[in-house]
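K.L.:
First the structure, then my questions, so here it is.
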Amino acid sequence: MAFLTDRKRAMGLGSAKSGTAHHWSMTLSSVALLVLLPLFVFTFGAALGGTYEEIVAYYARPFPAIVAALTILVTFKHFNDGVQTLLEDYVHGLAQKVSIVVMTCISYGAAAVGIFAIARLAL
Amino acid sequence: MADVNRGNRPLSPHLSIYRPQLTSMTSILTRITGNAMLITALLVVWWFLAASSGQGYFDIVNGVLTSWFGDLVMFFSVLGLWYHTLAGVRHLIWDNAVMMDIPTAEKLGWACIGGSVLLTLITVSVV
(Lines give C-alpha, C1' and ligand atoms only; values in the text may rest on other atoms or scores of the structure.)
Protein backbone atom coordinates (compact mmCIF):
# COMPACT_ATOMS: atom_id res chain seq x y z
CA MET A 1 0.00 0.00 0.00
CA ALA A 2 2.89 2.35 0.70
CA PHE A 3 3.71 2.45 -3.01
CA LEU A 4 0.20 3.67 -3.94
CA THR A 5 -0.56 7.39 -4.12
CA ASP A 6 -3.68 8.76 -2.39
CA ARG A 7 -5.30 9.30 -5.77
CA LYS A 8 -4.64 5.73 -6.93
CA ARG A 9 -6.23 4.37 -3.75
CA ALA A 10 -9.36 6.52 -4.24
CA MET A 11 -9.77 5.81 -7.97
CA GLY A 12 -12.80 3.69 -8.89
CA LEU A 13 -14.39 4.02 -5.46
CA GLY A 14 -17.68 5.81 -4.82
CA SER A 15 -21.02 5.44 -6.54
CA ALA A 16 -20.36 7.69 -9.54
CA LYS A 17 -17.90 6.61 -12.20
CA SER A 18 -18.50 9.09 -14.98
CA GLY A 19 -19.83 12.23 -13.29
CA THR A 20 -17.18 14.58 -14.66
CA ALA A 21 -18.18 14.15 -18.30
CA HIS A 22 -21.86 14.63 -17.40
CA HIS A 23 -21.12 17.77 -15.40
CA TRP A 24 -18.95 19.22 -18.17
CA SER A 25 -21.67 18.49 -20.76
CA MET A 26 -24.14 20.33 -18.51
CA THR A 27 -21.72 23.26 -18.18
CA LEU A 28 -21.23 23.51 -21.96
CA SER A 29 -24.95 23.43 -22.76
CA SER A 30 -25.77 25.92 -19.98
CA VAL A 31 -23.27 28.47 -21.31
CA ALA A 32 -24.61 27.96 -24.86
CA LEU A 33 -28.18 28.49 -23.60
CA LEU A 34 -27.10 31.64 -21.78
CA VAL A 35 -26.46 33.12 -25.24
CA LEU A 36 -29.23 31.35 -27.18
CA LEU A 37 -32.21 31.74 -24.84
CA PRO A 38 -32.37 35.55 -24.67
CA LEU A 39 -32.08 35.59 -28.49
CA PHE A 40 -34.84 32.96 -28.76
CA VAL A 41 -37.17 34.58 -26.20
CA PHE A 42 -37.08 37.93 -27.97
CA THR A 43 -37.35 36.55 -31.54
CA PHE A 44 -40.02 33.92 -30.74
CA GLY A 45 -41.81 36.40 -28.46
CA ALA A 46 -41.89 38.96 -31.27
CA ALA A 47 -43.33 36.40 -33.70
CA LEU A 48 -45.89 34.82 -31.36
CA GLY A 49 -49.30 36.40 -31.82
CA GLY A 50 -48.78 37.10 -35.53
CA THR A 51 -50.93 35.73 -38.33
CA TYR A 52 -50.00 32.56 -40.24
CA GLU A 53 -48.58 34.63 -43.13
CA GLU A 54 -46.49 36.75 -40.75
CA ILE A 55 -45.08 33.66 -38.99
CA VAL A 56 -44.16 31.96 -42.28
CA ALA A 57 -42.43 35.15 -43.51
CA TYR A 58 -40.65 35.68 -40.15
CA TYR A 59 -39.22 32.16 -39.96
CA ALA A 60 -38.17 32.25 -43.61
CA ARG A 61 -35.45 34.66 -42.40
CA PRO A 62 -32.17 32.93 -41.48
CA PHE A 63 -31.49 34.55 -38.09
CA PRO A 64 -34.75 33.67 -36.24
CA ALA A 65 -34.80 30.20 -37.84
CA ILE A 66 -31.17 29.35 -36.93
CA VAL A 67 -31.62 30.71 -33.38
CA ALA A 68 -34.80 28.64 -32.92
CA ALA A 69 -33.25 25.43 -34.30
CA LEU A 70 -30.08 25.76 -32.17
CA THR A 71 -32.11 26.64 -29.06
CA ILE A 72 -34.34 23.57 -29.48
CA LEU A 73 -31.32 21.29 -30.05
CA VAL A 74 -29.27 22.54 -27.07
CA THR A 75 -32.34 22.88 -24.78
CA PHE A 76 -33.33 19.24 -25.22
CA LYS A 77 -29.73 18.05 -24.75
CA HIS A 78 -29.54 20.15 -21.55
CA PHE A 79 -32.98 18.90 -20.43
CA ASN A 80 -32.02 15.28 -21.08
CA ASP A 81 -28.83 15.58 -18.98
CA GLY A 82 -30.75 17.39 -16.23
CA VAL A 83 -33.74 15.06 -16.06
CA GLN A 84 -31.35 12.08 -15.93
CA THR A 85 -29.88 13.48 -12.69
CA LEU A 86 -33.39 14.10 -11.33
CA LEU A 87 -34.43 10.50 -12.08
CA GLU A 88 -31.19 9.07 -10.64
CA ASP A 89 -31.91 10.96 -7.41
CA TYR A 90 -35.59 10.07 -6.92
CA VAL A 91 -36.37 6.91 -8.93
CA HIS A 92 -34.58 3.61 -8.34
CA GLY A 93 -34.28 0.13 -9.81
CA LEU A 94 -36.00 -0.81 -13.06
CA ALA A 95 -38.28 2.24 -12.94
CA GLN A 96 -35.18 4.44 -13.03
CA LYS A 97 -33.83 2.77 -16.18
CA VAL A 98 -37.22 2.84 -17.90
CA SER A 99 -37.89 6.49 -17.05
CA ILE A 100 -34.40 7.56 -18.22
CA VAL A 101 -34.95 5.71 -21.52
CA VAL A 102 -38.42 7.29 -21.95
CA MET A 103 -37.18 10.82 -21.19
CA THR A 104 -34.21 10.36 -23.53
CA CYS A 105 -36.57 9.28 -26.34
CA ILE A 106 -38.83 12.28 -25.64
CA SER A 107 -35.84 14.66 -25.61
CA TYR A 108 -34.31 13.53 -28.90
CA GLY A 109 -37.73 12.98 -30.48
CA ALA A 110 -38.95 16.47 -29.64
CA ALA A 111 -35.65 18.00 -30.79
CA ALA A 112 -35.94 16.18 -34.14
CA VAL A 113 -39.57 17.26 -34.62
CA GLY A 114 -38.70 20.88 -33.77
CA ILE A 115 -35.70 21.07 -36.09
CA PHE A 116 -37.60 19.36 -38.92
CA ALA A 117 -40.50 21.80 -38.51
CA ILE A 118 -38.21 24.85 -38.52
CA ALA A 119 -36.36 23.55 -41.60
CA ARG A 120 -39.66 23.03 -43.46
CA LEU A 121 -40.89 26.45 -42.33
CA ALA A 122 -37.66 28.20 -43.33
CA LEU A 123 -37.01 26.55 -46.69
CA MET B 1 -20.69 -10.40 3.93
CA ALA B 2 -24.30 -11.01 2.85
CA ASP B 3 -26.26 -7.86 3.70
CA VAL B 4 -29.48 -9.50 4.89
CA ASN B 5 -30.88 -6.36 6.50
CA ARG B 6 -30.58 -4.16 3.39
CA GLY B 7 -33.19 -1.39 3.27
CA ASN B 8 -34.55 -2.18 6.73
CA ARG B 9 -32.11 -0.17 8.84
CA PRO B 10 -33.03 2.98 10.76
CA LEU B 11 -32.04 6.14 8.86
CA SER B 12 -30.75 9.33 10.42
CA PRO B 13 -33.21 12.15 9.83
CA HIS B 14 -32.01 14.60 7.21
CA LEU B 15 -34.39 16.84 5.23
CA SER B 16 -37.17 16.61 7.81
CA ILE B 17 -35.13 18.13 10.66
CA TYR B 18 -34.12 21.29 8.80
CA ARG B 19 -36.31 24.38 8.71
CA PRO B 20 -36.76 25.73 5.15
CA GLN B 21 -33.88 28.05 4.28
CA LEU B 22 -33.37 30.44 1.38
CA THR B 23 -30.41 28.39 0.10
CA SER B 24 -32.28 25.07 0.08
CA MET B 25 -35.49 26.60 -1.34
CA THR B 26 -33.68 28.39 -4.19
CA SER B 27 -31.81 25.14 -4.89
CA ILE B 28 -34.89 22.91 -5.24
CA LEU B 29 -36.68 25.65 -7.19
CA THR B 30 -33.89 25.43 -9.80
CA ARG B 31 -34.66 21.73 -10.31
CA ILE B 32 -38.45 22.27 -10.32
CA THR B 33 -38.33 25.12 -12.88
CA GLY B 34 -35.83 23.27 -15.10
CA ASN B 35 -37.88 20.11 -15.33
CA ALA B 36 -41.30 21.80 -15.46
CA MET B 37 -40.19 23.72 -18.55
CA LEU B 38 -40.38 20.45 -20.51
CA ILE B 39 -44.06 21.36 -20.94
CA THR B 40 -43.11 24.76 -22.37
CA ALA B 41 -40.50 23.23 -24.69
CA LEU B 42 -43.01 20.67 -26.00
CA LEU B 43 -45.61 23.41 -26.56
CA VAL B 44 -43.06 25.45 -28.55
CA VAL B 45 -42.12 22.40 -30.66
CA TRP B 46 -45.84 21.68 -31.23
CA TRP B 47 -46.33 25.29 -32.36
CA PHE B 48 -43.43 25.03 -34.86
CA LEU B 49 -44.76 21.69 -36.14
CA ALA B 50 -48.19 23.26 -36.66
CA ALA B 51 -46.74 26.33 -38.37
CA SER B 52 -44.81 24.11 -40.80
CA SER B 53 -47.92 21.98 -41.51
CA GLY B 54 -50.23 24.67 -42.86
CA GLN B 55 -52.81 27.28 -41.98
CA GLY B 56 -55.46 24.96 -40.48
CA TYR B 57 -53.24 23.18 -37.95
CA PHE B 58 -51.42 26.44 -37.15
CA ASP B 59 -54.68 28.20 -36.26
CA ILE B 60 -55.58 25.45 -33.76
CA VAL B 61 -52.20 25.33 -31.97
CA ASN B 62 -51.65 29.09 -32.18
CA GLY B 63 -55.13 29.48 -30.67
CA VAL B 64 -54.10 27.30 -27.70
CA LEU B 65 -50.81 29.16 -27.14
CA THR B 66 -52.32 32.65 -27.41
CA SER B 67 -55.48 31.92 -25.39
CA TRP B 68 -55.71 33.33 -21.83
CA PHE B 69 -54.59 29.96 -20.51
CA GLY B 70 -51.72 29.84 -23.02
CA ASP B 71 -50.72 33.34 -21.94
CA LEU B 72 -50.74 32.20 -18.31
CA VAL B 73 -48.56 29.17 -19.10
CA MET B 74 -46.17 31.35 -21.14
CA PHE B 75 -45.99 33.97 -18.35
CA PHE B 76 -44.97 31.39 -15.73
CA SER B 77 -42.65 29.76 -18.28
CA VAL B 78 -40.82 33.06 -18.79
CA LEU B 79 -40.59 33.54 -15.01
CA GLY B 80 -39.31 29.96 -14.57
CA LEU B 81 -36.92 30.39 -17.49
CA TRP B 82 -35.27 33.53 -16.11
CA TYR B 83 -35.15 32.04 -12.61
CA HIS B 84 -33.51 28.84 -13.91
CA THR B 85 -31.11 30.91 -16.06
CA LEU B 86 -29.97 33.08 -13.13
CA ALA B 87 -29.74 30.04 -10.83
CA GLY B 88 -27.63 28.38 -13.54
CA VAL B 89 -25.30 31.39 -13.60
CA ARG B 90 -25.05 31.00 -9.83
CA HIS B 91 -23.91 27.40 -10.35
CA LEU B 92 -21.37 28.50 -12.98
CA ILE B 93 -20.00 30.94 -10.38
CA TRP B 94 -19.96 28.30 -7.62
CA ASP B 95 -18.16 25.85 -9.94
CA ASN B 96 -15.11 28.08 -9.45
CA ALA B 97 -15.36 27.57 -5.66
CA VAL B 98 -16.06 31.24 -5.01
CA MET B 99 -18.97 33.06 -3.26
CA MET B 100 -19.94 29.88 -1.41
CA ASP B 101 -20.06 31.37 2.13
CA ILE B 102 -23.60 31.54 3.53
CA PRO B 103 -24.14 35.36 3.53
CA THR B 104 -22.99 35.59 -0.11
CA ALA B 105 -24.96 32.47 -1.12
CA GLU B 106 -28.10 34.02 0.38
CA LYS B 107 -27.47 37.30 -1.45
CA LEU B 108 -27.14 35.34 -4.70
CA GLY B 109 -30.42 33.58 -3.86
CA TRP B 110 -32.21 36.90 -3.49
CA ALA B 111 -30.54 38.08 -6.72
CA CYS B 112 -32.02 35.05 -8.55
CA ILE B 113 -35.52 35.73 -7.17
CA GLY B 114 -35.46 39.51 -7.72
CA GLY B 115 -33.63 39.26 -11.02
CA SER B 116 -36.08 36.73 -12.45
CA VAL B 117 -39.07 38.93 -11.53
CA LEU B 118 -37.35 41.97 -13.09
CA LEU B 119 -36.39 40.09 -16.28
CA THR B 120 -39.94 38.70 -16.55
CA LEU B 121 -41.42 42.22 -16.32
CA ILE B 122 -38.97 43.41 -19.00
CA THR B 123 -39.82 40.43 -21.24
CA VAL B 124 -43.57 40.86 -20.84
CA SER B 125 -43.35 44.59 -21.62
CA VAL B 126 -41.08 44.08 -24.69
CA VAL B 127 -42.80 41.12 -26.41
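Naming scheme: A, B, ... for chains in displayed order of the C-alpha coordinates; residues 1 onward per chain; ligands 1 onward as shown.
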Show me, as a ChimeraX atom specification, the residues that have an atom within 10 Å of stretch 41-46 of chain A when counting only C-alpha atoms, minus same-chain residues fewer than 6 positions from it.

P.N.:
/A:55,58-59,63-65,67-68,71 /B:44,74,78,81,123-124,126-127

K.L.:
Neighbours of B:Asn62 within 12 Å (only C-alpha atoms; same-chain residues fewer than 4 positions away dropped), as a list in words?

P.N.:
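My list of contacting residues is Ala47, Leu48, Gly49, Gly50, Thr51, Tyr52 and Ile55 of chain A; Leu43, Val44, Val45, Trp46, Trp47, Phe48, Leu49, Ala50, Ala51, Gly54, Gln55, Gly56, Tyr57, Phe58, Thr66, Ser67, Trp68, Gly70 and Asp71 of chain B.
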
K.L.:
Could you take the residues named above and write them with N, CA and C atoms, as a PDB file, in the first residue's frame?

P.N.:
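Saved the output as again_38.pdb:
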```pdb
ATOM      1  N   ALA A  47     -42.530  37.059 -32.661  1.00  0.00           N
ATOM      2  CA  ALA A  47     -43.328  36.397 -33.695  1.00  0.00           C
ATOM      3  C   ALA A  47     -44.673  35.923 -33.167  1.00  0.00           C
ATOM      4  N   LEU A  48     -44.682  35.416 -31.938  1.00  0.00           N
ATOM      5  CA  LEU A  48     -45.894  34.820 -31.361  1.00  0.00           C
ATOM      6  C   LEU A  48     -47.020  35.858 -31.300  1.00  0.00           C
ATOM      7  N   GLY A  49     -48.167  35.474 -31.788  1.00  0.00           N
ATOM      8  CA  GLY A  49     -49.301  36.399 -31.822  1.00  0.00           C
ATOM      9  C   GLY A  49     -49.563  36.914 -33.222  1.00  0.00           C
ATOM     10  N   GLY A  50     -48.594  36.674 -34.144  1.00  0.00           N
ATOM     11  CA  GLY A  50     -48.777  37.104 -35.526  1.00  0.00           C
ATOM     12  C   GLY A  50     -49.703  36.161 -36.292  1.00  0.00           C
ATOM     13  N   THR A  51     -50.101  36.593 -37.494  1.00  0.00           N
ATOM     14  CA  THR A  51     -50.934  35.732 -38.329  1.00  0.00           C
ATOM     15  C   THR A  51     -50.065  34.643 -38.947  1.00  0.00           C
ATOM     16  N   TYR A  52     -50.720  33.663 -39.593  1.00  0.00           N
ATOM     17  CA  TYR A  52     -49.995  32.564 -40.235  1.00  0.00           C
ATOM     18  C   TYR A  52     -49.001  33.101 -41.266  1.00  0.00           C
ATOM     19  N   ILE A  55     -45.972  34.665 -39.575  1.00  0.00           N
ATOM     20  CA  ILE A  55     -45.080  33.658 -38.988  1.00  0.00           C
ATOM     21  C   ILE A  55     -44.232  33.002 -40.083  1.00  0.00           C
TER      22      ILE A  55
ATOM     23  N   LEU B  43     -44.618  22.508 -25.956  1.00  0.00           N
ATOM     24  CA  LEU B  43     -45.609  23.413 -26.559  1.00  0.00           C
ATOM     25  C   LEU B  43     -44.986  24.202 -27.712  1.00  0.00           C
ATOM     26  N   VAL B  44     -43.748  24.671 -27.511  1.00  0.00           N
ATOM     27  CA  VAL B  44     -43.065  25.449 -28.552  1.00  0.00           C
ATOM     28  C   VAL B  44     -42.807  24.577 -29.783  1.00  0.00           C
ATOM     29  N   VAL B  45     -42.363  23.327 -29.544  1.00  0.00           N
ATOM     30  CA  VAL B  45     -42.124  22.400 -30.657  1.00  0.00           C
ATOM     31  C   VAL B  45     -43.434  22.117 -31.403  1.00  0.00           C
ATOM     32  N   TRP B  46     -44.508  21.930 -30.641  1.00  0.00           N
ATOM     33  CA  TRP B  46     -45.839  21.679 -31.231  1.00  0.00           C
ATOM     34  C   TRP B  46     -46.256  22.851 -32.105  1.00  0.00           C
ATOM     35  N   TRP B  47     -45.986  24.076 -31.623  1.00  0.00           N
ATOM     36  CA  TRP B  47     -46.330  25.291 -32.364  1.00  0.00           C
ATOM     37  C   TRP B  47     -45.549  25.347 -33.677  1.00  0.00           C
ATOM     38  N   PHE B  48     -44.244  25.028 -33.629  1.00  0.00           N
ATOM     39  CA  PHE B  48     -43.435  25.028 -34.856  1.00  0.00           C
ATOM     40  C   PHE B  48     -43.911  23.955 -35.836  1.00  0.00           C
ATOM     41  N   LEU B  49     -44.262  22.775 -35.289  1.00  0.00           N
ATOM     42  CA  LEU B  49     -44.761  21.695 -36.145  1.00  0.00           C
ATOM     43  C   LEU B  49     -46.042  22.136 -36.847  1.00  0.00           C
ATOM     44  N   ALA B  50     -46.929  22.794 -36.089  1.00  0.00           N
ATOM     45  CA  ALA B  50     -48.189  23.260 -36.661  1.00  0.00           C
ATOM     46  C   ALA B  50     -47.951  24.327 -37.716  1.00  0.00           C
ATOM     47  N   ALA B  51     -47.017  25.254 -37.415  1.00  0.00           N
ATOM     48  CA  ALA B  51     -46.736  26.331 -38.365  1.00  0.00           C
ATOM     49  C   ALA B  51     -46.168  25.787 -39.668  1.00  0.00           C
ATOM     50  N   GLY B  54     -49.204  23.966 -42.102  1.00  0.00           N
ATOM     51  CA  GLY B  54     -50.229  24.670 -42.862  1.00  0.00           C
ATOM     52  C   GLY B  54     -51.155  25.494 -41.984  1.00  0.00           C
ATOM     53  N   GLN B  55     -51.941  26.304 -42.645  1.00  0.00           N
ATOM     54  CA  GLN B  55     -52.813  27.281 -41.982  1.00  0.00           C
ATOM     55  C   GLN B  55     -53.764  26.657 -40.952  1.00  0.00           C
ATOM     56  N   GLY B  56     -54.427  25.542 -41.337  1.00  0.00           N
ATOM     57  CA  GLY B  56     -55.463  24.963 -40.478  1.00  0.00           C
ATOM     58  C   GLY B  56     -54.929  24.506 -39.139  1.00  0.00           C
ATOM     59  N   TYR B  57     -53.850  23.704 -39.177  1.00  0.00           N
ATOM     60  CA  TYR B  57     -53.243  23.179 -37.946  1.00  0.00           C
ATOM     61  C   TYR B  57     -52.648  24.322 -37.131  1.00  0.00           C
ATOM     62  N   PHE B  58     -52.018  25.291 -37.841  1.00  0.00           N
ATOM     63  CA  PHE B  58     -51.416  26.436 -37.153  1.00  0.00           C
ATOM     64  C   PHE B  58     -52.462  27.197 -36.344  1.00  0.00           C
ATOM     65  N   THR B  66     -52.042  31.230 -27.625  1.00  0.00           N
ATOM     66  CA  THR B  66     -52.324  32.652 -27.414  1.00  0.00           C
ATOM     67  C   THR B  66     -53.653  32.877 -26.695  1.00  0.00           C
ATOM     68  N   SER B  67     -54.276  31.769 -26.214  1.00  0.00           N
ATOM     69  CA  SER B  67     -55.479  31.923 -25.388  1.00  0.00           C
ATOM     70  C   SER B  67     -55.079  32.476 -24.012  1.00  0.00           C
ATOM     71  N   TRP B  68     -56.067  32.804 -23.163  1.00  0.00           N
ATOM     72  CA  TRP B  68     -55.712  33.329 -21.834  1.00  0.00           C
ATOM     73  C   TRP B  68     -54.933  32.295 -21.039  1.00  0.00           C
ATOM     74  N   GLY B  70     -53.045  29.878 -22.399  1.00  0.00           N
ATOM     75  CA  GLY B  70     -51.725  29.838 -23.023  1.00  0.00           C
ATOM     76  C   GLY B  70     -50.845  30.980 -22.557  1.00  0.00           C
ATOM     77  N   ASP B  71     -51.443  32.167 -22.450  1.00  0.00           N
ATOM     78  CA  ASP B  71     -50.722  33.339 -21.944  1.00  0.00           C
ATOM     79  C   ASP B  71     -50.218  33.105 -20.527  1.00  0.00           C
TER      80      ASP B  71
END
```

K.L.:
For a quick check of understanding, using only C-alpha atoms, which of B:Ser16, B:Asn8, B:Gly80, B:Gly63 has the smallest distance to B:Leu38?

P.N.:
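Going through B:Ser16, B:Asn8, B:Gly80, B:Gly63 one by one, the smallest distance to B:Leu38 is for B:Gly80.
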
K.L.:
Rounded to one decimal in Å, what is the spacing between atom CA of B:His84 and atom CA of B:His14?

P.N.:
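One can read the atom CA of B:His84 to atom CA of B:His14 distance as 25.5 Å.
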
K.L.:
Using DSSP on the backbone coordinates, identify all residues within chain B classified as alpha helix (DSSP H); present the result as an MDAnalysis selection string.

P.N.:
chainID B and resid 22:53 55:65 68:94 102:126

K.L.:
Please, what distance in Å, to one decimal, runs between atom CA of B:Lys107 and atom CA of B:Thr40?

P.N.:
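Atom CA of B:Thr40 lies at a distance of 29.0 Å from atom CA of B:Lys107.
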
K.L.:
Excluding stretch 33-36 of chain A and residues on its chain fewer than 4 positions from it, collect all residues at most 8 Å away from it, counting only C-alpha atoms, and give them as a list in words.

P.N.:
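Here the qualifying residues turn out to be Ser29, Phe40, Val67, Leu70, Thr71, Val74 and Thr75 of chain A; Thr85 of chain B.
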
K.L.:
Which one is closest to chain B: A:Lys8, A:Leu87, A:Ile118, A:Thr20? Count only C-alpha atoms.

P.N.:
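Closest to chain B, using only C-alpha atoms: A:Ile118.
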